[in-house]
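Please read the structure below before turning to the comments.
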Amino acid sequence: MNIRPDPTFHATAQLAMQAPIENFGFTIMLSPDGSQPDGIAVVDLNQESKTYGQIVHQVIVENLGDEFHHFGWNACSSSLSPLSGHAFLERRYLIVPGIRSSRIYVIDVQDPLKAKVHKTIEPEEVFTKTGYSRPHTIHCGPEGIYVSTLGGGGEDGTDGPPGIFIMDCESFEIIGRYEMDRGSQDKHYDFWWNLPQDYMVSSEWGLPPQYEGGIVAEDLLSNKYGHSIHFWDLRKRKNIQTIDLGENHQMALEIRPAHDPKKSYGFCGVVVDTTNLQGAIFTWWRDDDGVWQAKKTITIDPQPADPDDLPELLKGFSAVPPLVTDIDLSLDDRFLYVACWGTGEMHQYDVTDPMNPVLSGKVELGGIVKDTKHPNGKDFAYGPQMLEISRDAKRVYWTNSLYSTWDDQFYPNDEGGQMVMARVGENGGLEIDKDFYVDFPKGYRSHQIRLEGGDCSTDSFCYPNV
Amino acid sequence: MSDPMSVTVLWWAVIVSGIYHGINPGMGWPLAVSAALMQDRRRGLIEALGMLGLGHLLAMLAILLPFSLMRILFLWEKEIRIGAGCLVILVGVYLLINRKHPKFLARVHPAKLTLWSFLAAMAHGAGLMLVPIYLGICSIDANDTGHLAAQSLMRGNIVNALKVAMVHTLAMTVAGGIIATVIYFWLGLKFIGKTWFNLDIVWALSLVIVGVVGIQTAGMTH
């Protein structure tokens with residue numbers, strides 16, 4: 001407990017943008033075959049430092065096969081609302097779930113160079129107290145730490161629907177399920193919210209048998225992955241509306257609400273449209289009657305390719321789909337970044353008008369067919385995937401692995417983990433920084449990135465911009 | 001005979017405790033700033049302060065009125081005051097030991113500020129802090145008027161409870177309102193983090209001190 005609110009808590013997104021910039025990044029280290037324990041790499045991001053751009057510390061856990069994926073903070077700017085009573089929490093612990101093992105690690109990063117495991121929550125506790133499995137997205141909010149899961153109960157995670165559970169933000173005890181009325185929600189992936197407006201939005205990937213062993217082509221072609229987004233009364237814990245984006249819009253993943261809580265809109269990325277292999281972004285918003293709406297506002301076309309250059313899965317299509325697998329919105333709600341993992345591109349859209357996004361920047365790196373080299377001449381495995389934007393919106397970091405078994409299907413001849421960075425121009429545009437290139441230790445791939453002091457996909461703000 | 005000094009001191013205690021509650025961000029003034037900004041109108045600030053004040057007032061009355069009824073047993077006045085003092089000390093000690101925040105407060109819809117303010121005040125024992133002060137005021141009043149009929153004594157006690165709750169809430173609302181206004185119009189939201197201090201321990205100790213003083217002064221009456 002602090003005497004004053006943590007200096008990394010900000011009342012508004014604007015104030016967070018003006019705060020000191022990040023000195024460290026925390027990035028997932030994933031052993032794809034489970035032969036080594038997973039971990040968190042601490043990357044030096046201080047440009048004045050001698051070890052800038054290097055992994056300066058690793059937290060390697062004790063177990064094998066956890067499969068680290070997404071993670072988040074124990075506390076963020078959401079603590080600055082008197083409503084929650086958490087104003088004096090420290091932003092100190094990273095909550096890191098294993099999506100294969102269902103084990104959860106609480107990692108103390110108070111001193112990033114000495115970061116260490118603080119507590120381990122065994123899978124049995126997750127199963128017994130929640131009936132869910134395969135924890136995924138972490139957000140800190142009014143009732144503690146919210147954790148989305150991808151699986152229900154049982155060996156293969158299909159006994160009952162997956163959902164969200166809540167953890168105590170001080171003791172890290174699992175409290176129990178979040179949902180009181182889930183409506184038609186039967187799959188899960190990401191979720192985020194608008195705290196003053198008291199709504200939450202959640203999305204759908206697929207059930208564990210649909211992803212753990214690799215993408216199931218028959219399920220994809222018969223549109224059996226998730227394609228709906230759900231709107232919730234956050235504090236009543238009730239699903240108030242479900243919007244089906246259309247069954248061809250397979251895998252509705254990242255939910256990115258506008259950071260300014262006065263705005264009632266956000267975005268959701270769709271991996272692939274099975275009718276034409278396009279990637280898509282939907283804008284969702286609440287209309288004047290209080291009803292939620294969603295409209296496709298960005299489409300990204302597949303690129304024709306010689307079947308010889310394509311993996312088995314794609315040969316029949318003679319084209320490489322963009323595979324929109326991550327999106328992220330800058331804190332000023334101005335630029336939406338879209339990772340096209342298949343084609344090997346990172347797009348930047350000006351979403352000042354959220355209904356009419358305009359492509360304002362693009363860089364190429366990796367990719368199934370193009371396999372573009374990094375400007376420093378080195379190889380970039382796979383394509384741009386998990387991305388994170390600095391609070392001041394000037395730097396965009398990203399890594400390259402999507403998910404162990406899927407990497408191997410889409411990029412059968414690739415291996416490796418890299419983290420790179422691009423700089424954002426004054427009025428948009430993107431340029432890859434030639435000098436920032438983190439190569440991960442042999443045998444490790446990389447996934448989500450968290451920035452010291454919060455970033456564009458962790459912090460929720462309780463006060464509107466002025 | 002009453003000592004005019006002690007009456008003045010007790011009423012100041014009512015006002016000071018109100019200011020103390022009011023300036024604590026945890027009692028809600030940042031919500032007034034947020035409401036005005038979310039609604040894009042200044043009136044939102046006043047309306048939110050009004051709702052927070054109403055909730056606080058109801059929480060004060062919910063605690064004080066039962067004590068005003070209890071005072072019908074004026075023969076046991078001393079025992080009641082000592083009992084009330086002990087209760088306040090107990091709550092203070094409980095809050096010192098149990099440092100966790102009441103989770104149910106986070107379930108209240110952000111727009112239901114009256115309900116939230118009522119529950120927050122109840123959960124933190126804000127009304128209890130006033131009980132020893134209130135009983136002191138009633139006691140002096142009763143000495144002043146001599147042993148009147150129980151009915152009029154009762155009426156006096158209820159009027160005193162209303163007066164104490166209202167003066168306290170007014171002081172709280174004015175104090176919180178001034179800070180909210182200054183931040184809304186001039187200083188900006190950056191100061192929300194800067195004006196917030198963890199008063200959990202101070203708060204719990206205040207309850208203990210008020211309880212001890214209440215018992216001591218009860219012992220001094222005849």
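To be explicit about the labels: the chains of the structure tokens are called A, B, and onward in the order shown, and within each one the residues are counted from 1, while ligands get numbers from 1 in the order they are shown.
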Could I get the residues of chain B with an atom no further than 12 Å from an atom of chain A, each paired with its nearest atom pair and that distance in Å to one decimal, using only C-alpha atoms, sorted by chain and residue number, as CSV?
```
residue,atom,partner,partner_atom,distance
B:Asn24,CA,A:Pro82,CA,9.8
B:Pro25,CA,A:Pro82,CA,6.7
B:Gly26,CA,A:Pro82,CA,5.0
B:Met27,CA,A:Pro82,CA,7.1
B:Gly28,CA,A:Pro82,CA,5.9
B:Trp29,CA,A:Pro82,CA,8.4
B:Pro30,CA,A:Pro82,CA,7.1
B:Leu31,CA,A:Pro82,CA,7.1
B:Ala32,CA,A:Tyr463,CA,10.6
B:Val33,CA,A:Tyr463,CA,8.3
B:Ser34,CA,A:Tyr463,CA,5.4
B:Ala35,CA,A:Tyr463,CA,8.6
B:Ala36,CA,A:Pro464,CA,9.8
B:Leu37,CA,A:Pro464,CA,6.3
B:Met38,CA,A:Lys262,CA,5.7
B:Gln39,CA,A:Lys262,CA,8.4
B:Asp40,CA,A:Lys262,CA,9.3
B:Leu52,CA,A:Leu83,CA,11.9
B:Arg99,CA,A:Met1,CA,9.8
B:Lys100,CA,A:Glu170,CA,8.4
B:His101,CA,A:Gly85,CA,6.3
B:Pro102,CA,A:Gly85,CA,7.9
B:Lys103,CA,A:Glu143,CA,6.5
B:Phe104,CA,A:Glu143,CA,8.2
B:Leu105,CA,A:Leu83,CA,6.7
B:Ala106,CA,A:Ser84,CA,4.9
B:Arg107,CA,A:Arg235,CA,5.3
B:Val108,CA,A:Arg235,CA,6.9
B:His109,CA,A:Arg235,CA,6.5
B:Pro110,CA,A:Pro196,CA,6.0
B:Ala111,CA,A:Pro196,CA,8.0
B:Lys112,CA,A:Leu83,CA,10.5
B:Leu113,CA,A:Leu83,CA,9.2
B:Leu115,CA,A:Leu83,CA,11.3
B:Trp116,CA,A:Leu83,CA,7.6
B:Ser117,CA,A:Leu83,CA,9.3
B:Leu119,CA,A:Leu83,CA,10.7
B:Ala120,CA,A:Leu83,CA,8.8
B:Ala123,CA,A:Gly85,CA,11.4
B:His124,CA,A:Gly85,CA,11.2
B:Ile183,CA,A:Val466,CA,11.8
B:Tyr184,CA,A:Val466,CA,9.6
B:Phe185,CA,A:Val466,CA,10.7
B:Trp186,CA,A:Val466,CA,11.7
B:Leu187,CA,A:Val466,CA,11.6
B:Gly188,CA,A:Val466,CA,8.3
B:Leu189,CA,A:Ala11,CA,6.2
B:Lys190,CA,A:Ala11,CA,6.7
B:Phe191,CA,A:Ala11,CA,8.9
B:Ile192,CA,A:Ala11,CA,7.2
B:Gly193,CA,A:Pro5,CA,5.8
B:Lys194,CA,A:Arg4,CA,7.4
B:Thr195,CA,A:Arg4,CA,8.3
B:Trp196,CA,A:Arg4,CA,6.0
B:Phe197,CA,A:Arg4,CA,5.0
B:Asn198,CA,A:Ile3,CA,4.7
B:Leu199,CA,A:Ile3,CA,8.0
B:Asp200,CA,A:Ile3,CA,9.4
B:Ile201,CA,A:Ile3,CA,10.3
B:Val202,CA,A:Ile3,CA,11.3
```
Query raised in the report: Contacts of Thr274 of chain A at 10 Å or less, counting only C-alpha atoms, minus same-chain residues fewer than 6 places along, as a list in words?
Result: Leu220, Leu221, Ser222, Asn223, Glu247, Asn248, His249, Gln250 and Pro321 of chain A
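Minimum atom-to-atom distances from A:Tyr397, A:Trp292, A:Phe127, A:Phe317 to Arg423 of chain A were compared using only C-alpha atoms, and the lowest value belongs to A:Tyr397.
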Requested in this report: Pull the alpha helix (DSSP H) assignments for segment 10-256 of chain A out of DSSP run on the backbone, and list those residues as a PyMOL selection string.
Outcome: chain A and resi 13-18+123-130+217-221
Query - Contacts of His21 of chain B at 10 Å (only C-alpha atoms; same-chain gap of 5+ positions) as a ChimeraX atom specification - result: /B:15-16,26-28,56,121,126,168-169,171-173,175-176,203
Write the residues you've just listed into a file as a PDB file, in the first residue's frame, and include N, CA and C atoms for each of them.
```pdb
ATOM      1  N   ILE B  15     -18.168  20.485  12.828  1.00  0.00           N
ATOM      2  CA  ILE B  15     -17.765  21.149  11.574  1.00  0.00           C
ATOM      3  C   ILE B  15     -16.428  20.590  11.076  1.00  0.00           C
ATOM      4  N   VAL B  16     -15.472  20.467  12.011  1.00  0.00           N
ATOM      5  CA  VAL B  16     -14.139  20.001  11.598  1.00  0.00           C
ATOM      6  C   VAL B  16     -14.198  18.570  11.051  1.00  0.00           C
ATOM      7  N   GLY B  26     -11.532   9.954  -1.081  1.00  0.00           N
ATOM      8  CA  GLY B  26     -12.222   8.674  -0.942  1.00  0.00           C
ATOM      9  C   GLY B  26     -13.695   8.839  -0.601  1.00  0.00           C
ATOM     10  N   MET B  27     -14.084  10.025  -0.092  1.00  0.00           N
ATOM     11  CA  MET B  27     -15.492  10.274   0.218  1.00  0.00           C
ATOM     12  C   MET B  27     -16.237  10.839  -0.986  1.00  0.00           C
ATOM     13  N   GLY B  28     -15.522  11.055  -2.092  1.00  0.00           N
ATOM     14  CA  GLY B  28     -16.270  11.237  -3.343  1.00  0.00           C
ATOM     15  C   GLY B  28     -16.108  12.489  -4.188  1.00  0.00           C
ATOM     16  N   HIS B  56     -24.487  11.057   2.270  1.00  0.00           N
ATOM     17  CA  HIS B  56     -23.724  11.195   3.513  1.00  0.00           C
ATOM     18  C   HIS B  56     -24.662  11.574   4.665  1.00  0.00           C
ATOM     19  N   ALA B 121     -19.982   5.888   3.476  1.00  0.00           N
ATOM     20  CA  ALA B 121     -19.943   6.472   4.821  1.00  0.00           C
ATOM     21  C   ALA B 121     -20.236   5.406   5.870  1.00  0.00           C
ATOM     22  N   ALA B 126     -18.256   6.509   9.235  1.00  0.00           N
ATOM     23  CA  ALA B 126     -18.210   7.976   9.291  1.00  0.00           C
ATOM     24  C   ALA B 126     -19.243   8.515  10.286  1.00  0.00           C
ATOM     25  N   HIS B 168     -22.701  18.924   9.883  1.00  0.00           N
ATOM     26  CA  HIS B 168     -21.560  18.098   9.482  1.00  0.00           C
ATOM     27  C   HIS B 168     -21.540  17.914   7.957  1.00  0.00           C
ATOM     28  N   THR B 169     -22.704  17.559   7.399  1.00  0.00           N
ATOM     29  CA  THR B 169     -22.771  17.299   5.944  1.00  0.00           C
ATOM     30  C   THR B 169     -22.516  18.584   5.161  1.00  0.00           C
ATOM     31  N   ALA B 171     -20.633  21.103   6.108  1.00  0.00           N
ATOM     32  CA  ALA B 171     -19.189  21.351   6.158  1.00  0.00           C
ATOM     33  C   ALA B 171     -18.468  20.422   5.193  1.00  0.00           C
ATOM     34  N   MET B 172     -18.915  19.167   5.145  1.00  0.00           N
ATOM     35  CA  MET B 172     -18.279  18.200   4.253  1.00  0.00           C
ATOM     36  C   MET B 172     -18.468  18.601   2.799  1.00  0.00           C
ATOM     37  N   THR B 173     -19.701  18.964   2.437  1.00  0.00           N
ATOM     38  CA  THR B 173     -20.007  19.290   1.040  1.00  0.00           C
ATOM     39  C   THR B 173     -19.270  20.552   0.603  1.00  0.00           C
ATOM     40  N   ALA B 175     -16.447  21.732   1.882  1.00  0.00           N
ATOM     41  CA  ALA B 175     -15.010  21.434   1.776  1.00  0.00           C
ATOM     42  C   ALA B 175     -14.707  20.659   0.491  1.00  0.00           C
ATOM     43  N   GLY B 176     -15.466  19.569   0.246  1.00  0.00           N
ATOM     44  CA  GLY B 176     -15.257  18.779  -0.964  1.00  0.00           C
ATOM     45  C   GLY B 176     -15.564  19.603  -2.204  1.00  0.00           C
ATOM     46  N   TRP B 203      -7.685   7.665   9.796  1.00  0.00           N
ATOM     47  CA  TRP B 203      -9.136   7.561   9.944  1.00  0.00           C
ATOM     48  C   TRP B 203      -9.500   6.627  11.099  1.00  0.00           C
TER      49      TRP B 203
END
```
Query - Straight-line distance linking atom CA of Thr181 of chain B with atom CA of Gly50 of chain B, stated in Å to one decimal - result: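 Rounded to one decimal, the two atoms are 13.5 Å apart.
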Report task. Find the residues near Glu122 of chain A: any atom within 8 Å, counting only C-alpha atoms, skip ones fewer than 5 places away on the same chain, and give them as a ChimeraX atom specification. Result -> /A:102-104
Residues of the last selection are to be written out with N, CA and C atoms, as a PDB file, in the first residue's frame.
```pdb
ATOM      1  N   SER A 102      -3.105 -23.534 -17.438  1.00  0.00           N
ATOM      2  CA  SER A 102      -4.049 -22.845 -16.540  1.00  0.00           C
ATOM      3  C   SER A 102      -3.392 -22.432 -15.220  1.00  0.00           C
ATOM      4  N   ARG A 103      -2.062 -22.481 -15.155  1.00  0.00           N
ATOM      5  CA  ARG A 103      -1.366 -22.003 -13.961  1.00  0.00           C
ATOM      6  C   ARG A 103      -1.187 -20.485 -14.099  1.00  0.00           C
ATOM      7  N   ILE A 104      -1.229 -19.754 -12.975  1.00  0.00           N
ATOM      8  CA  ILE A 104      -1.077 -18.298 -13.039  1.00  0.00           C
ATOM      9  C   ILE A 104       0.084 -17.885 -12.143  1.00  0.00           C
TER      10      ILE A 104
END
```
Report task. Write down as a VMD selection string the residues belonging to segment 193-321 of chain A that are assigned strand (DSSP E or B) by DSSP computed on the backbone. Result -> chain A and resid 193 to 194 199 to 202 204 228 to 233 238 to 244 249 to 257 265 to 273 279 to 286 292 to 300 303 to 304 319 to 320
Report task. Compile the contact shell of Leu130 of chain B as a list of chain:residue names: residues with an atom at most 10 Å away, counting only C-alpha atoms, same-chain residues fewer than 4 positions apart removed. Result -> B:Leu10, B:Ala13, B:Val14, B:Ser17, B:Gly18, B:Met60, B:Ile63, B:Leu64, B:Val88, B:Gly125, B:Ala126, B:Tyr134, B:Leu135, B:Gly136, B:Ala161, B:Val164, B:Ala165, B:His168, B:Leu207, B:Val210, B:Gly211
Requested in this report: Would you kindly return, as a ChimeraX atom specification, each protein, DNA or RNA residue with an atom no farther than 10 Å from any atom of Asp306 of chain A, considering only C-alpha atoms and excluding same-chain residues fewer than 6 positions away?
Outcome: /A:315,317-320,369
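Between atom CA of Asp309 of chain A and atom CA of Cys340 of chain A the interatomic distance comes to 17.6 Å.
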Report summary line: As a check of understanding: the span from atom CA of Pro132 of chain B to atom CA of Ser152 of chain B is 21.4 Å
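Residues within 6 Å of Arg334 of chain A, counting only C-alpha atoms and excluding same-chain residues fewer than 6 positions away, are Asp350, Val351 and Thr352 of chain A.
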Go ahead and save the picked residues with N, CA and C atoms, as a short mmCIF file (atom, residue, chain, number, x, y, z; two decimals), in the first residue's frame.
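Dumped everything to selection.cif:
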```cif
data_model
loop_
_atom_site.label_atom_id
_atom_site.label_comp_id
_atom_site.auth_asym_id
_atom_site.auth_seq_id
_atom_site.Cartn_x
_atom_site.Cartn_y
_atom_site.Cartn_z
N ASP A 350 -5.57 6.29 -39.39
CA ASP A 350 -6.04 7.46 -38.66
C ASP A 350 -7.53 7.23 -38.40
N VAL A 351 -7.89 7.08 -37.12
CA VAL A 351 -9.29 6.81 -36.78
C VAL A 351 -9.90 7.99 -36.04
N THR A 352 -9.41 9.21 -36.36
CA THR A 352 -10.00 10.41 -35.76
C THR A 352 -11.51 10.38 -35.98
#
```
